[in-house]
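Note: the block below is upload_33.csv and it holds CSV, C-alpha atoms.
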```csv
chain,number,residue,atom,x,y,z
A,602,MET,CA,54.1,45.9,29.0
A,603,THR,CA,52.7,49.1,27.5
A,604,SER,CA,51.6,47.2,24.4
A,605,ILE,CA,49.6,44.7,26.4
A,606,GLN,CA,48.0,47.5,28.4
A,607,GLN,CA,47.0,49.2,25.2
A,608,THR,CA,45.4,45.9,24.1
A,609,VAL,CA,43.4,45.8,27.4
A,610,ASP,CA,42.3,49.4,26.9
A,611,TYR,CA,41.2,48.6,23.3
A,612,ILE,CA,39.2,45.6,24.5
A,613,GLU,CA,37.5,47.7,27.2
A,614,ASP,CA,36.6,50.4,24.6
A,615,ASN,CA,35.1,47.7,22.3
A,616,ILE,CA,33.9,45.1,24.7
A,617,GLY,CA,30.6,44.4,22.8
A,618,ASN,CA,32.4,43.7,19.5
A,619,ASP,CA,33.8,40.5,18.1
A,620,PHE,CA,37.5,40.2,18.7
A,621,ASP,CA,40.0,38.4,16.4
A,622,ILE,CA,43.2,37.3,18.2
A,623,ASP,CA,45.3,37.8,15.0
A,624,MET,CA,44.0,41.4,14.8
A,625,LEU,CA,44.9,42.1,18.5
A,626,ALA,CA,48.4,40.6,18.0
A,627,ASN,CA,49.0,42.6,14.8
A,628,LYS,CA,48.1,45.8,16.6
A,629,ILE,CA,51.3,45.4,18.7
A,630,PHE,CA,53.4,43.9,15.9
A,631,THR,CA,53.7,40.4,17.2
A,632,SER,CA,52.6,36.9,16.4
A,633,GLN,CA,49.3,35.4,17.8
A,634,PHE,CA,51.3,32.7,19.7
A,635,TYR,CA,53.7,35.2,21.4
A,636,PHE,CA,50.8,37.7,22.1
A,637,GLN,CA,48.7,35.1,23.8
A,638,LYS,CA,51.6,33.9,26.0
A,639,ILE,CA,52.7,37.3,27.1
A,640,PHE,CA,49.1,38.4,27.7
A,641,THR,CA,48.5,35.4,30.0
A,642,ILE,CA,51.8,36.0,31.9
A,643,LEU,CA,51.1,39.7,32.5
A,644,CYS,CA,47.3,39.5,33.1
A,645,ASP,CA,47.0,36.1,34.9
A,646,CYS,CA,44.3,35.0,32.4
A,647,THR,CA,44.0,34.3,28.7
A,648,VAL,CA,42.7,36.9,26.3
A,649,SER,CA,39.4,34.9,25.9
A,650,GLU,CA,39.0,34.6,29.6
A,651,TYR,CA,39.5,38.3,30.1
A,652,ILE,CA,37.0,39.3,27.4
A,653,ARG,CA,34.4,36.8,28.8
A,654,ASN,CA,34.9,37.8,32.4
A,655,ARG,CA,34.7,41.5,31.7
A,656,ARG,CA,31.5,41.0,29.6
A,657,MET,CA,29.9,39.1,32.4
A,658,THR,CA,30.9,41.7,35.0
A,659,LEU,CA,29.6,44.6,32.9
A,660,ALA,CA,26.4,42.7,32.0
A,661,GLY,CA,25.9,42.1,35.7
A,662,TYR,CA,26.0,45.8,36.4
A,663,GLU,CA,23.3,46.4,33.7
A,664,ILE,CA,21.1,43.5,35.0
A,665,ILE,CA,21.0,45.1,38.5
A,666,ASP,CA,21.1,48.8,37.6
A,667,SER,CA,18.9,49.1,34.5
A,668,ASP,CA,15.6,48.1,33.1
A,669,ILE,CA,17.1,47.0,29.7
A,670,SER,CA,15.7,43.6,28.7
A,671,ILE,CA,17.9,40.6,29.4
A,672,LEU,CA,17.9,39.7,25.7
A,673,ASP,CA,19.1,43.2,24.7
A,674,ILE,CA,21.9,42.9,27.3
A,675,ALA,CA,22.8,39.5,26.0
A,676,LEU,CA,23.0,40.8,22.4
A,677,LYS,CA,25.0,43.8,23.5
A,678,TYR,CA,27.7,41.5,25.0
A,679,GLY,CA,28.0,39.2,22.1
A,680,TYR,CA,25.5,36.4,22.9
A,681,GLU,CA,23.1,35.2,20.2
A,682,SER,CA,20.3,34.1,22.5
A,683,HIS,CA,18.7,34.6,25.9
A,684,GLU,CA,19.5,30.9,26.7
A,685,SER,CA,23.3,31.0,25.8
A,686,PHE,CA,23.6,34.3,27.8
A,687,THR,CA,21.8,32.8,30.8
A,688,ARG,CA,24.1,29.7,30.9
A,689,ALA,CA,27.2,31.9,30.7
A,690,PHE,CA,25.9,34.3,33.3
A,691,THR,CA,24.9,31.5,35.7
A,692,ARG,CA,28.4,29.8,35.4
A,693,PHE,CA,30.1,33.1,36.2
A,694,HIS,CA,27.8,34.6,38.9
A,695,GLY,CA,26.2,31.5,40.3
A,696,ILE,CA,22.7,32.9,39.7
A,697,THR,CA,20.5,33.4,36.7
A,698,PRO,CA,20.1,36.9,35.3
A,699,SER,CA,16.4,36.9,36.1
A,700,ASP,CA,17.0,36.0,39.8
A,701,ALA,CA,19.8,38.5,40.0
A,702,ARG,CA,17.6,41.3,38.8
A,703,LYS,CA,14.7,40.3,41.0
A,704,ASN,CA,16.7,40.0,44.2
A,705,HIS,CA,19.3,42.8,43.5
A,706,SER,CA,21.9,40.2,44.3
A,707,ASN,CA,25.6,40.9,44.9
A,708,LEU,CA,27.3,39.7,41.8
A,709,LYS,CA,30.9,38.6,41.1
A,710,VAL,CA,33.2,41.3,39.8
A,711,PHE,CA,36.2,40.9,37.5
A,712,SER,CA,37.9,44.3,37.4
A,713,CYS,CA,39.6,45.9,34.5
A,714,ILE,CA,43.3,44.9,34.6
A,715,SER,CA,46.2,47.2,35.1
A,716,VAL,CA,49.2,45.4,33.7
A,717,LYS,CA,51.7,47.5,35.7
A,718,SER,CA,49.9,46.5,39.0
A,719,ASN,CA,49.9,42.9,38.0
A,720,ILE,CA,53.7,42.7,37.7
A,721,SER,CA,55.3,41.9,41.0
A,722,GLY,CA,56.5,45.1,42.7
A,723,GLY,CA,55.5,47.1,39.7
A,724,ARG,CA,58.7,46.1,38.0
A,725,THR,CA,58.6,46.8,34.3
A,726,LEU,CA,59.9,43.8,32.3
A,727,MET,CA,59.2,45.0,28.8
A,728,SER,CA,60.0,48.2,26.9
A,729,ASP,CA,57.3,49.7,24.7
A,730,ILE,CA,57.4,47.2,21.8
A,731,SER,CA,54.6,49.2,20.2
A,732,GLU,CA,56.9,52.2,20.1
A,733,ARG,CA,59.7,50.1,18.7
A,734,GLY,CA,57.2,48.9,16.1
A,735,TYR,CA,58.8,45.6,15.0
A,736,VAL,CA,59.3,42.1,16.3
A,737,VAL,CA,61.8,39.5,15.3
A,738,LYS,CA,60.1,36.3,14.4
A,739,GLU,CA,63.0,34.0,13.4
A,740,THR,CA,66.7,34.1,14.0
A,741,GLY,CA,69.3,32.1,16.0
A,742,ALA,CA,72.4,33.5,14.4
A,743,VAL,CA,75.9,33.2,15.9
A,744,TYR,CA,77.8,36.4,16.3
A,745,TYR,CA,81.5,37.0,17.1
A,746,THR,CA,82.9,40.0,18.9
A,747,LEU,CA,86.0,41.0,20.8
A,748,ASP,CA,84.2,43.5,23.0
A,749,MET,CA,81.0,41.8,24.2
A,750,ASP,CA,80.1,44.5,26.6
A,751,ASN,CA,80.2,47.2,24.0
A,752,THR,CA,78.3,45.0,21.5
A,753,LEU,CA,75.6,44.2,24.1
A,754,LYS,CA,75.3,48.0,24.7
A,755,TRP,CA,74.9,48.6,20.9
A,756,PHE,CA,72.1,46.0,20.6
A,757,LYS,CA,70.2,47.6,23.5
A,758,GLU,CA,70.6,51.2,22.4
A,759,VAL,CA,70.3,50.8,18.6
A,760,LEU,CA,67.9,47.9,18.1
A,761,GLY,CA,66.1,48.1,21.4
A,762,TRP,CA,66.9,44.4,22.2
A,763,TYR,CA,67.6,42.8,25.6
A,764,GLY,CA,70.5,40.6,26.7
A,765,GLN,CA,73.2,39.6,29.1
A,766,ILE,CA,76.7,38.1,29.2
A,767,GLU,CA,76.6,34.6,30.6
A,768,GLU,CA,80.2,33.7,30.9
A,769,ARG,CA,83.4,35.7,31.4
A,770,ASP,CA,87.1,34.8,31.7
A,771,GLU,CA,89.4,35.6,34.6
A,772,ASN,CA,90.0,39.1,33.2
A,773,ASN,CA,86.2,39.8,33.1
A,774,ILE,CA,86.2,39.6,29.3
A,775,GLY,CA,82.9,38.3,27.9
A,776,LEU,CA,83.1,34.8,26.4
A,777,TYR,CA,79.5,34.0,25.8
A,778,GLY,CA,76.2,36.0,25.9
A,779,CYS,CA,72.9,36.4,24.2
A,780,VAL,CA,70.9,39.3,22.8
A,781,ASN,CA,67.2,38.8,22.3
A,782,ASN,CA,64.2,40.4,20.8
A,783,ILE,CA,62.2,39.9,24.1
A,784,PRO,CA,63.2,40.4,27.7
A,785,ILE,CA,65.4,37.6,29.1
A,786,GLU,CA,62.8,37.0,31.9
A,787,PHE,CA,60.4,35.9,29.2
A,788,GLU,CA,62.9,34.1,27.1
A,789,ALA,CA,63.8,32.0,30.2
A,790,LEU,CA,60.2,30.8,30.3
A,791,HIS,CA,60.5,29.2,26.9
A,792,ILE,CA,57.2,30.6,25.8
A,793,ALA,CA,58.3,31.0,22.2
A,794,PRO,CA,61.0,29.9,19.9
A,795,PHE,CA,64.4,31.5,20.5
A,796,THR,CA,64.5,34.8,18.6
A,797,GLY,CA,67.9,36.0,19.6
A,798,ILE,CA,71.6,35.9,18.7
A,799,HIS,CA,74.3,33.9,20.4
A,800,MET,CA,77.4,36.0,21.0
A,801,PHE,CA,80.9,34.4,21.3
A,802,LYS,CA,84.3,35.9,21.8
A,803,GLY,CA,86.1,35.9,18.5
A,804,GLU,CA,87.1,37.9,15.5
A,805,PRO,CA,84.0,39.7,14.1
A,806,LEU,CA,82.8,38.5,10.7
A,807,LYS,CA,83.0,41.3,8.2
A,808,MET,CA,80.2,39.8,6.3
A,809,MET,CA,76.5,38.8,6.8
A,810,ALA,CA,76.2,37.3,10.3
A,811,GLY,CA,72.5,36.9,10.4
A,812,PHE,CA,69.4,36.8,8.0
A,813,MET,CA,66.4,37.4,10.2
A,814,LEU,CA,62.7,37.3,9.6
A,815,VAL,CA,60.9,40.3,11.2
A,816,GLN,CA,57.4,41.8,11.3
A,817,GLY,CA,57.7,45.5,10.7
A,818,VAL,CA,60.9,46.0,8.7
A,819,GLU,CA,60.0,49.6,7.8
A,820,GLN,CA,59.4,50.3,11.5
A,821,LEU,CA,62.8,48.7,12.3
A,822,TYR,CA,64.5,51.0,9.8
A,823,ARG,CA,62.8,54.1,11.3
A,824,PHE,CA,63.6,53.0,14.9
A,825,VAL,CA,67.3,52.5,14.1
A,826,LYS,CA,67.6,55.8,12.3
A,827,LYS,CA,65.8,57.5,15.2
A,828,ASN,CA,68.4,56.1,17.6
A,829,GLY,CA,71.2,57.8,15.6
A,830,TRP,CA,72.6,54.8,13.8
A,831,ASN,CA,73.1,55.5,10.1
A,832,GLN,CA,74.8,52.4,8.9
A,833,ILE,CA,71.6,50.8,7.7
A,834,THR,CA,70.4,50.5,4.1
A,835,GLU,CA,67.0,51.7,3.1
A,836,VAL,CA,64.2,49.2,2.9
A,837,LYS,CA,64.2,47.5,-0.6
A,838,GLU,CA,61.5,45.4,-2.2
A,839,GLN,CA,63.0,42.2,-3.5
A,840,PRO,CA,62.0,40.2,-6.7
A,841,TRP,CA,60.8,37.4,-4.5
A,842,GLY,CA,58.2,39.7,-3.0
A,843,GLY,CA,59.8,40.5,0.4
A,844,LYS,CA,61.4,43.6,1.8
A,845,THR,CA,64.9,43.8,3.3
A,846,CYS,CA,67.2,46.1,5.0
A,847,SER,CA,70.8,45.5,6.3
A,848,ILE,CA,72.6,47.0,9.3
A,849,THR,CA,76.3,47.2,9.7
A,850,THR,CA,76.9,46.6,13.4
A,851,ILE,CA,79.4,48.2,15.7
A,852,ASP,CA,81.7,45.3,15.0
A,853,GLY,CA,81.5,45.7,11.2
A,854,SER,CA,79.3,42.6,10.8
A,855,ILE,CA,76.1,42.7,8.7
A,856,LEU,CA,72.6,41.8,9.9
A,857,THR,CA,70.0,41.6,7.2
A,858,PHE,CA,66.3,41.7,8.2
A,859,PHE,CA,63.5,40.6,5.8
A,860,GLU,CA,59.8,40.6,5.8
```

As structure tokens, please, write out the structure in this file.
Amino acid sequence: MTSIQQTVDYIEDNIGNDFDIDMLANKIFTSQFYFQKIFTILCDCTVSEYIRNRRMTLAGYEIIDSDISILDIALKYGYESHESFTRAFTRFHGITPSDARKNHSNLKVFSCISVKSNISGGRTLMSDISERGYVVKETGAVYYTLDMDNTLKWFKEVLGWYGQIEERDENNIGLYGCVNNIPIEFEALHIAPFTGIHMFKGEPLKMMAGFMLVQGVEQLYRFVKKNGWNQITEVKEQPWGGKTCSITTIDGSILTFFE
């Protein structure tokens, strides 16, 4: 949630500039696809809609409250001509810029978004992914553990992941669960490919249990070390051009991350 709010704040501070969706996604260490989906869920509009609507709102203020020429306002908010600006302005406000200025009309307002306020009841669904600094882009591993509750706790506290146990036996022992790079509320929406790990009750594999693509492998290393888990190798550059590091989990299994 905080990451998306930071994006909104960045857009507000640079509203007259050209925006590249890849650049905005990279600023919070995620893919363009995932970024756009999460932005739409949290802000109730697409990134492009938000930028366009805020530009039209701010342009409207200047049309009414200043003597700046309409062409200069158009250029300020990213339009190449008086005509293209007038068409966009009229679609948004229902009146031309010239008529709005002449009549001091009441114009439509699209307010700056507060992501926290947009979430029902103010409930925070996402931890600060920008602070975590990395995002898993591809996985789907199968992981065995004899103490699923403890393993789930480890994933949350050490890697900053999310998850839950889906099935238990009559003694309340976990039989199946998932841990995921994103909150389970978003995973349930199927807005992106599954980027988690399936957990099953069983003898842990004392070997590599997952080989996972991430964005931000060095940030992952620092995040894990900051959380007090030292069973992680330093990031190494590989002959094939990538970078890797490996974590020995609480069960003795090995998860290798590469970028």

Original post:
Can you tell me, as number ranges by chain, what residues are no more than 8 Å from Ile652 in chain A when counting all atoms listed in the file, ignoring any on the same chain fewer than 4 positions away?
Top reply: A: 612, 616, 648, 656

What are the nearest atom pairs, with distances in Å to one decimal, for all residues of range 602-663 of chain A that come at most 10 Å from range 697-704 of chain A, using all atoms listed in the file, set out by chain and rising residue number as a Markdown table?
```
| residue | atom | partner | partner_atom | distance |
| --- | --- | --- | --- | --- |
| A:Ala660 | CA | A:Pro698 | CA | 9.2 |
| A:Gly661 | CA | A:Pro698 | CA | 7.8 |
| A:Tyr662 | CA | A:Arg702 | CA | 9.8 |
| A:Glu663 | CA | A:Arg702 | CA | 9.2 |
```

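CA of Tyr745 in chain A is positioned 4.9 Å from CA of Gly803 in chain A.
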
Mind checking which residues fall within 9 Å of Glu767 in chain A, counting only C-alpha atoms, ignoring those fewer than 5 positions away in the same chain, and posting them as an mmCIF file with C-alpha atoms, keeping the file's coordinate frame?
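Saved the output as selection_7.cif:
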```
data_model
loop_
_atom_site.group_PDB
_atom_site.id
_atom_site.type_symbol
_atom_site.label_atom_id
_atom_site.label_comp_id
_atom_site.auth_asym_id
_atom_site.auth_seq_id
_atom_site.Cartn_x
_atom_site.Cartn_y
_atom_site.Cartn_z
ATOM 1 C CA GLY A 775 82.900 38.300 27.900
ATOM 2 C CA LEU A 776 83.100 34.800 26.400
ATOM 3 C CA TYR A 777 79.500 34.000 25.800
ATOM 4 C CA GLY A 778 76.200 36.000 25.900
ATOM 5 C CA CYS A 779 72.900 36.400 24.200
#
```

**OP:** Please indicate the distance in Å from CA of Met800 in chain A to CA of Lys738 in chain A, rounded to one decimal place.
**Re:**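 Going from CA of Met800 in chain A over to CA of Lys738 in chain A covers 18.5 Å.
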
Subject >> Among listed residues A:Gln816, A:Asn831, A:Thr845, A:Asn772, nearest Val759 in chain A (using all atoms listed in the file) >> reply: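 Closest candidate: A:Asn831.
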
Original post:
Which one is closest to Gly797 in chain A: A:Ser854, A:Gln765, A:Ser847, A:Thr687? Count all atoms listed in the file.
Top reply: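 Among the listed residues, the smallest separation from Gly797 in chain A belongs to A:Gln765.
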
Original post:
To one decimal place, how far is CA of Phe620 in chain A from CA of Ile669 in chain A in Å?
Top reply: 24.2 Å

Go ahead and find all residues with at least one atom no further than 10 Å from (68.0, 49.4, 20.4) in the file's coordinates, using only C-alpha atoms; report them as an mmCIF file with C-alpha atoms, in the coordinates of the input.
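Writing the result to point26.cif gives the following:
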```cif
data_model
loop_
_atom_site.group_PDB
_atom_site.id
_atom_site.type_symbol
_atom_site.label_atom_id
_atom_site.label_comp_id
_atom_site.auth_asym_id
_atom_site.auth_seq_id
_atom_site.Cartn_x
_atom_site.Cartn_y
_atom_site.Cartn_z
ATOM 1 C CA ARG A 733 59.700 50.100 18.700
ATOM 2 C CA LEU A 753 75.600 44.200 24.100
ATOM 3 C CA LYS A 754 75.300 48.000 24.700
ATOM 4 C CA TRP A 755 74.900 48.600 20.900
ATOM 5 C CA PHE A 756 72.100 46.000 20.600
ATOM 6 C CA LYS A 757 70.200 47.600 23.500
ATOM 7 C CA GLU A 758 70.600 51.200 22.400
ATOM 8 C CA VAL A 759 70.300 50.800 18.600
ATOM 9 C CA LEU A 760 67.900 47.900 18.100
ATOM 10 C CA GLY A 761 66.100 48.100 21.400
ATOM 11 C CA TRP A 762 66.900 44.400 22.200
ATOM 12 C CA TYR A 763 67.600 42.800 25.600
ATOM 13 C CA ASN A 782 64.200 40.400 20.800
ATOM 14 C CA LEU A 821 62.800 48.700 12.300
ATOM 15 C CA PHE A 824 63.600 53.000 14.900
ATOM 16 C CA VAL A 825 67.300 52.500 14.100
ATOM 17 C CA LYS A 827 65.800 57.500 15.200
ATOM 18 C CA ASN A 828 68.400 56.100 17.600
ATOM 19 C CA TRP A 830 72.600 54.800 13.800
#
```

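Compared by their closest atoms to Val818 in chain A, and using only C-alpha atoms, the residues A:Thr658, A:Arg688, A:Phe630, A:Leu625 rank with A:Phe630 nearest.
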
Original post:
Between A:Ala675, A:Met809, A:Trp841, A:Glu804, which has the minimum distance to Thr746 in chain A (counting all atoms listed in the file)?
Top reply: A:Glu804

**OP:** Return the single residue from A:Phe859, A:Phe801, A:Phe640, A:Phe711 that is closest to Arg769 in chain A, with distances computed using all atoms listed in the file.
**Re:**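 Looking at the shortest contact to Arg769 in chain A, the residue is A:Phe801.
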
Around all listed atoms of range 661-674 of chain A, padded 3 Å per side, what centre and edge lengths does the axis-aligned box have in Å to one decimal, as lines of an AutoDock Vina configuration file?
```
center_x = 20.8
center_y = 44.4
center_z = 31.6
size_x = 16.4
size_y = 15.4
size_z = 19.8
```

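Residue nearest Asp645 in chain A within the list A:Lys709, A:Ile833, A:Ser715, A:Met657: A:Ser715 [criterion: smallest interatomic distance, all atoms listed in the file].
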
Using all atoms listed in the file, which residues sit within 9 Å of Leu659 in chain A once same-chain residues fewer than 4 positions away are excluded, as a tab-separated table (two decimals) with C-alpha atoms, in the frame of the given file?
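Okay, this is what ended up in out-v8.tsv:
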```
chain	number	residue	atom	x	y	z
A	654	ASN	CA	34.90	37.80	32.40
A	655	ARG	CA	34.70	41.50	31.70
A	663	GLU	CA	23.30	46.40	33.70
A	664	ILE	CA	21.10	43.50	35.00
A	678	TYR	CA	27.70	41.50	25.00
A	710	VAL	CA	33.20	41.30	39.80
A	711	PHE	CA	36.20	40.90	37.50
```
